[in-house]
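Enquirer: I'm passing along upload.pdb; it holds PDB, C-alpha atoms.
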```pdb
MODEL        1
ATOM      1  CA  ASP A 514      -0.957 -20.513  -5.571
ATOM      2  CA  ILE A 515       2.247 -19.242  -3.993
ATOM      3  CA  LYS A 516       3.881 -22.662  -3.706
ATOM      4  CA  ILE A 517       3.474 -23.457  -7.413
ATOM      5  CA  ALA A 518       4.630 -19.953  -8.380
ATOM      6  CA  GLU A 519       7.662 -20.368  -6.124
ATOM      7  CA  TYR A 520       8.508 -23.745  -7.682
ATOM      8  CA  PHE A 521       8.643 -22.287 -11.195
ATOM      9  CA  PHE A 522      10.461 -19.089 -10.202
ATOM     10  CA  GLU A 523      13.104 -21.144  -8.384
ATOM     11  CA  LYS A 524      13.438 -23.345 -11.443
ATOM     12  CA  ALA A 525      13.905 -20.248 -13.614
ATOM     13  CA  ASN A 526      16.487 -18.947 -11.136
ATOM     14  CA  ARG A 527      18.628 -22.031 -11.696
ATOM     15  CA  PHE A 528      18.687 -21.291 -15.424
ATOM     16  CA  ASP A 529      19.191 -17.521 -15.372
ATOM     17  CA  PRO A 530      19.220 -15.548 -12.067
ATOM     18  CA  GLU A 531      19.539 -12.279 -13.999
ATOM     19  CA  TYR A 532      16.336 -12.741 -16.003
ATOM     20  CA  PRO A 533      14.319  -9.473 -15.872
ATOM     21  CA  TYR A 534      11.846  -9.291 -12.964
ATOM     22  CA  LEU A 535      12.804 -12.765 -11.690
ATOM     23  CA  GLN A 536      14.355 -11.507  -8.441
ATOM     24  CA  HIS A 537      11.472  -9.050  -8.163
ATOM     25  CA  GLN A 538       8.993 -11.946  -8.185
ATOM     26  CA  ARG A 539      11.126 -14.050  -5.835
ATOM     27  CA  ALA A 540      11.185 -11.067  -3.482
ATOM     28  CA  ARG A 541       7.375 -10.846  -3.622
ATOM     29  CA  ILE A 542       7.085 -14.527  -2.719
ATOM     30  CA  ALA A 543       9.479 -14.181   0.219
ATOM     31  CA  PHE A 544       7.482 -11.140   1.355
ATOM     32  CA  LEU A 545       4.189 -13.041   1.144
ATOM     33  CA  ASN A 546       5.808 -15.823   3.200
ATOM     34  CA  GLY A 547       6.764 -13.251   5.846
ATOM     35  CA  ASP A 548      10.500 -13.581   5.202
ATOM     36  CA  PHE A 549      11.345  -9.885   4.941
ATOM     37  CA  LYS A 550      15.120 -10.384   5.148
ATOM     38  CA  THR A 551      15.178 -12.673   2.089
ATOM     39  CA  ALA A 552      12.680 -10.433   0.317
ATOM     40  CA  MET A 553      14.989  -7.443   0.814
ATOM     41  CA  LEU A 554      18.029  -9.333  -0.457
ATOM     42  CA  ARG A 555      16.167 -10.342  -3.611
ATOM     43  CA  ILE A 556      14.609  -6.959  -4.380
ATOM     44  CA  ASP A 557      17.992  -5.322  -3.810
ATOM     45  CA  GLN A 558      19.428  -7.726  -6.397
ATOM     46  CA  GLU A 559      16.751  -6.691  -8.893
ATOM     47  CA  ILE A 560      17.377  -3.003  -8.273
ATOM     48  CA  GLU A 561      21.132  -3.459  -8.504
ATOM     49  CA  MET A 562      20.752  -5.137 -11.900
ATOM     50  CA  TYR A 563      17.992  -2.999 -13.422
ATOM     51  CA  GLY A 564      17.523   0.091 -11.213
ATOM     52  CA  ALA A 565      15.275   2.765 -12.712
ATOM     53  CA  GLU A 566      14.520   0.474 -15.653
ATOM     54  CA  HIS A 567      12.160  -1.442 -13.337
ATOM     55  CA  PRO A 568      10.569   1.238 -11.091
ATOM     56  CA  ASN A 569       8.019  -1.280  -9.763
ATOM     57  CA  SER A 570      10.862  -2.798  -7.764
ATOM     58  CA  TYR A 571      11.072   0.377  -5.692
ATOM     59  CA  TYR A 572       7.370  -0.030  -4.913
ATOM     60  CA  VAL A 573       7.938  -3.607  -3.747
ATOM     61  CA  ARG A 574      10.961  -2.585  -1.677
ATOM     62  CA  GLY A 575       8.876   0.167  -0.064
ATOM     63  CA  LEU A 576       6.213  -2.391   0.803
ATOM     64  CA  ILE A 577       8.774  -4.759   2.345
ATOM     65  CA  GLU A 578      10.382  -1.937   4.320
ATOM     66  CA  GLY A 579       6.991  -0.727   5.509
ATOM     67  CA  PHE A 580       5.994  -4.114   6.877
ATOM     68  CA  ALA A 581       9.448  -4.452   8.449
ATOM     69  CA  SER A 582       8.801  -1.112  10.250
ATOM     70  CA  ASP A 583      11.564   0.688   8.332
ATOM     71  CA  TYR A 584       9.225   3.572   7.569
ATOM     72  CA  GLN A 585      11.793   6.207   6.645
ATOM     73  CA  ASN A 586      13.367   4.106   3.892
ATOM     74  CA  ALA A 587       9.942   2.892   2.802
ATOM     75  CA  ALA A 588       8.858   6.506   2.273
ATOM     76  CA  LEU A 589      11.979   7.169   0.188
ATOM     77  CA  ASP A 590      11.312   4.155  -2.038
ATOM     78  CA  TYR A 591       7.633   4.994  -2.499
ATOM     79  CA  ALA A 592       8.595   8.552  -3.419
ATOM     80  CA  ARG A 593      11.091   7.183  -5.926
ATOM     81  CA  TYR A 594       8.428   4.939  -7.464
ATOM     82  CA  LEU A 595       5.907   7.794  -7.604
ATOM     83  CA  SER A 596       8.361   9.926  -9.550
ATOM     84  CA  SER A 597       7.796   7.459 -12.411
ATOM     85  CA  ASP A 598       4.047   6.971 -11.848
ATOM     86  CA  PRO A 599       2.728  10.070 -10.037
ATOM     87  CA  THR A 600      -0.998   9.337 -10.359
ATOM     88  CA  ASN A 601      -0.960   5.751  -9.060
ATOM     89  CA  TRP A 602      -3.487   6.061  -6.236
ATOM     90  CA  ALA A 603      -2.482   2.793  -4.535
ATOM     91  CA  ALA A 604       1.150   3.900  -4.370
ATOM     92  CA  ILE A 605       0.102   7.316  -3.053
ATOM     93  CA  ASN A 606      -1.984   5.630  -0.366
ATOM     94  CA  ASP A 607       0.846   3.277   0.629
ATOM     95  CA  TYR A 608       3.238   6.223   0.695
ATOM     96  CA  ALA A 609       0.865   8.084   3.019
ATOM     97  CA  TRP A 610       0.588   4.956   5.189
ATOM     98  CA  VAL A 611       4.343   4.835   5.877
ATOM     99  CA  LEU A 612       4.434   8.609   6.398
ATOM    100  CA  LEU A 613       1.770   8.200   9.094
ATOM    101  CA  LYS A 614       3.710   5.345  10.653
ATOM    102  CA  ASP A 615       6.797   7.579  10.668
ATOM    103  CA  GLY A 616       4.910  10.328  12.509
ATOM    104  CA  ARG A 617       4.676  12.582   9.442
ATOM    105  CA  ALA A 618       0.933  13.190   9.357
ATOM    106  CA  ARG A 619       1.142  16.573   7.637
ATOM    107  CA  GLU A 620       3.080  15.053   4.748
ATOM    108  CA  ALA A 621       0.498  12.255   4.579
ATOM    109  CA  ILE A 622      -2.246  14.886   4.279
ATOM    110  CA  VAL A 623      -0.430  16.515   1.371
ATOM    111  CA  ALA A 624       0.121  13.150  -0.347
ATOM    112  CA  THR A 625      -3.486  11.980  -0.004
ATOM    113  CA  ALA A 626      -4.852  15.394  -0.989
ATOM    114  CA  ARG A 627      -2.814  15.160  -4.186
ATOM    115  CA  GLY A 628      -4.195  11.677  -4.813
ATOM    116  CA  LEU A 629      -7.726  12.890  -4.189
ATOM    117  CA  SER A 630      -7.252  15.631  -6.774
ATOM    118  CA  PHE A 631      -7.067  12.780  -9.319
ATOM    119  CA  PHE A 632      -9.465  10.345  -7.606
ATOM    120  CA  PRO A 633     -11.882  12.366  -5.430
ATOM    121  CA  ASP A 634     -14.125   9.398  -4.598
ATOM    122  CA  ASN A 635     -11.419   6.866  -3.772
ATOM    123  CA  PRO A 636     -12.352   5.304  -0.404
ATOM    124  CA  TRP A 637      -8.791   4.256   0.446
ATOM    125  CA  LEU A 638      -7.388   7.756  -0.067
ATOM    126  CA  LEU A 639     -10.327   9.354   1.744
ATOM    127  CA  ASN A 640      -9.877   6.991   4.677
ATOM    128  CA  THR A 641      -6.136   7.640   4.958
ATOM    129  CA  ASN A 642      -6.671  11.374   4.583
ATOM    130  CA  ALA A 643      -9.182  11.228   7.453
ATOM    131  CA  ILE A 644      -6.680   9.414   9.673
ATOM    132  CA  ALA A 645      -3.952  11.919   8.851
ATOM    133  CA  LEU A 646      -6.236  14.869   9.647
ATOM    134  CA  TYR A 647      -7.174  13.243  12.949
ATOM    135  CA  GLU A 648      -3.486  12.812  13.807
ATOM    136  CA  ILE A 649      -3.044  16.602  13.793
ATOM    137  CA  GLU A 650      -6.319  17.056  15.714
ATOM    138  CA  LEU A 651      -8.414  18.363  12.823
ATOM    139  CA  VAL A 652     -11.306  16.221  13.987
ATOM    140  CA  GLU A 653     -14.208  17.825  12.109
ATOM    141  CA  PRO A 654     -12.525  17.764   8.656
ATOM    142  CA  ALA A 655     -11.371  14.226   9.447
ATOM    143  CA  LEU A 656     -14.939  13.125  10.193
ATOM    144  CA  GLU A 657     -16.167  14.703   6.963
ATOM    145  CA  GLN A 658     -13.562  12.738   4.980
ATOM    146  CA  ALA A 659     -14.307   9.547   6.897
ATOM    147  CA  ARG A 660     -18.001   9.797   6.034
ATOM    148  CA  LYS A 661     -17.121  10.298   2.372
ATOM    149  CA  ALA A 662     -14.867   7.235   2.598
ATOM    150  CA  GLU A 663     -17.670   5.107   4.028
ATOM    151  CA  THR A 664     -20.060   6.183   1.257
ATOM    152  CA  ALA A 665     -17.454   5.528  -1.438
ATOM    153  CA  ALA A 666     -16.565   2.143   0.076
ATOM    154  CA  HIS A 667     -20.120   0.908  -0.489
ATOM    155  CA  ASP A 668     -19.642   1.438  -4.225
ATOM    156  CA  VAL A 669     -16.537  -0.790  -4.387
ATOM    157  CA  SER A 670     -17.241  -3.947  -6.374
ATOM    158  CA  GLU A 671     -15.217  -7.164  -6.343
ATOM    159  CA  TYR A 672     -13.766  -6.088  -9.703
ATOM    160  CA  ASP A 673     -12.668  -2.752  -8.194
ATOM    161  CA  TRP A 674     -11.066  -4.508  -5.254
ATOM    162  CA  LEU A 675      -9.185  -6.951  -7.498
ATOM    163  CA  MET A 676      -7.925  -4.045  -9.604
ATOM    164  CA  ALA A 677      -6.682  -2.391  -6.398
ATOM    165  CA  TYR A 678      -4.965  -5.580  -5.208
ATOM    166  CA  PRO A 679      -3.917  -7.397  -8.389
ATOM    167  CA  GLY A 680      -1.474  -9.690  -6.591
ATOM    168  CA  ASN A 681      -4.039 -11.032  -4.137
ATOM    169  CA  GLU A 682      -6.020 -14.252  -4.250
ATOM    170  CA  PRO A 683      -9.229 -13.425  -6.213
ATOM    171  CA  ARG A 684     -11.385 -15.381  -3.794
ATOM    172  CA  SER A 685     -10.396 -12.967  -0.999
ATOM    173  CA  ALA A 686     -12.181 -10.031  -2.666
ATOM    174  CA  GLY A 687     -15.317 -10.405  -0.545
ATOM    175  CA  SER A 688     -13.448 -10.390   2.753
ATOM    176  CA  GLY A 689     -11.250  -7.534   1.510
ATOM    177  CA  ILE A 690     -14.287  -5.382   0.784
ATOM    178  CA  ALA A 691     -15.752  -6.269   4.184
ATOM    179  CA  THR A 692     -12.506  -5.170   5.838
ATOM    180  CA  LEU A 693     -12.651  -1.864   3.959
ATOM    181  CA  HIS A 694     -16.248  -1.306   5.105
ATOM    182  CA  LYS A 695     -15.297  -2.073   8.717
ATOM    183  CA  SER A 696     -12.286   0.240   8.577
ATOM    184  CA  THR A 697     -14.313   3.207   7.330
ATOM    185  CA  HIS A 698     -17.097   2.500   9.838
ATOM    186  CA  ASP A 699     -14.652   2.180  12.749
ATOM    187  CA  ASN A 700     -12.936   5.435  11.794
ATOM    188  CA  ILE A 701     -16.255   7.292  11.843
ATOM    189  CA  HIS A 702     -17.032   5.856  15.284
ATOM    190  CA  THR A 703     -13.599   6.905  16.625
ATOM    191  CA  LEU A 704     -13.928  10.391  15.181
ATOM    192  CA  GLU A 705     -17.472  10.902  16.467
ATOM    193  CA  LEU A 706     -16.299   9.973  19.974
ATOM    194  CA  ALA A 707     -13.340  12.355  19.631
ATOM    195  CA  LEU A 708     -15.677  15.153  18.534
ATOM    196  CA  GLN A 709     -18.008  14.504  21.499
ATOM    197  CA  LYS A 710     -15.045  14.589  23.867
ATOM    198  CA  LYS A 711     -13.831  17.832  22.281
ATOM    199  CA  SER A 712     -17.265  19.480  22.671
ATOM    200  CA  ILE A 713     -17.412  18.489  26.362
ATOM    201  CA  GLN A 714     -13.992  20.021  26.992
TER     202      GLN A 714
ENDMDL
END
```
Can the structure from this file be put into structure tokens for me?
Expert:
Amino acid sequence: DIKIAEYFFEKANRFDPEYPYLQHQRARIAFLNGDFKTAMLRIDQEIEMYGAEHPNSYYVRGLIEGFASDYQNAALDYARYLSSDPTNWAAINDYAWVLLKDGRAREAIVATARGLSFFPDNPWLLNTNAIALYEIELVEPALEQARKAETAAHDVSEYDWLMAYPGNEPRSAGSGIATLHKSTHDNIHTLELALQKKSIQ
């Protein structure tokens, strides 16, 4: 319940605005409300006060920057977060996402390949890796990865999804899994069409 969370965080802010992770959480709420400008101001406050002591704040800032289409700075903040938590697959996937958005597909391939070395059956990493391969016209390897992603996606339980998205409303797990299934299926369809077109040429 974002509104109740916001009420208590704002109340805490009146008592002690420098309380650890308070501005971090206020930034998350502003982000969830679509107010990226306020979210940035608050996460910058947290980082200014605690910096490397709270590396998660760099992750949140990367997320805000990514959704605000500031992909270059988002990539820098994700990289900074990953220096403290190099095997966090969700962070690796988000990092690859902003690299793709910034037109850096080859770097996204490297990032997702590194993630897959730790989590070879992760459907999110496989899916992003497939997209990155497609971006540099490696259609056949992309299709192979996309098919692996679809297979792996069918093994994702509601518990797995909630572990992947701990800040999300638990009741949205079912729709989240359905979205993942659709994404992997749609990617396969796109890649199969691209391969057919390539064979005709």
Enquirer: Leaving out stretch 624-634 of chain A and any residue of its chain fewer than 6 positions from it, which residues lie within 10 Å of it when counting all atoms listed in the file, given as number ranges by chain?
Expert: A: 599-610, 612, 618, 640-643, 645, 661-662, 664-666, 668
Enquirer: Please, what distance in Å, to one decimal, runs between atom CA of A:Ile560 and atom CA of A:Ile542?
Expert: 16.4 Å
Enquirer: For A:Trp637, which residue among A:Gln585, A:Gln538, A:Gln658, A:Ser685 is the nearest when counting only C-alpha atoms?
Expert: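 When distances to A:Trp637 are compared using only C-alpha atoms, the smallest one comes from A:Gln658.
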Enquirer: Between A:Ile517, A:Ala540, A:Val669, A:Ile556, which is the closest to A:Thr692 once you count all atoms listed in the file?
Expert: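 Ranking A:Ile517, A:Ala540, A:Val669, A:Ile556 by distance to A:Thr692, first place goes to A:Val669.
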Enquirer: Taking only C-alpha atoms into account, name the residue in A:Asn546, A:Thr551, A:Ser597, A:Asn586 that is nearest to A:His567.
Expert: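 Ranked by minimum distance to A:His567, first place goes to A:Ser597.
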Enquirer: With all atoms listed in the file as the atoms that count, which of A:Ile713, A:Pro636, A:Glu653, A:Ile577 lies nearest to A:His694?
Expert: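 When distances to A:His694 are compared using all atoms listed in the file, the smallest one comes from A:Pro636.
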Enquirer: With a distance cut-off of 12 Å and all atoms listed in the file, select the neighbouring residues of A:Leu589, excluding the residue or stretch itself and same-chain residues fewer than 4 positions from it, and output the selection as a list in words.
Expert: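 Near neighbours after the sequence-gap exclusion: Tyr571, Tyr572, Arg574, Gly575, Leu576, Glu578, Gly579, Asp583, Tyr584, Gln585, Arg593, Tyr594, Leu595, Ser596, Asp607, Tyr608, Ala609, Val611, Leu612 and Asp615 of chain A.
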Enquirer: I'd like the neighbourhood of A:His537 as a PyMOL selection string, where a residue qualifies if any of its atoms comes within 12 Å (using only C-alpha atoms), though same-chain residues fewer than 4 positions away should be ignored.
Expert: chain A and resi 522+526+530-533+541-544+551-564+567-574+577
Enquirer: As an exercise, work out the distance from atom CA of A:Leu675 to atom CA of A:Arg539 in Å and give it to one decimal place.
Expert: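 Going from atom CA of A:Leu675 over to atom CA of A:Arg539, I get 21.6 Å.
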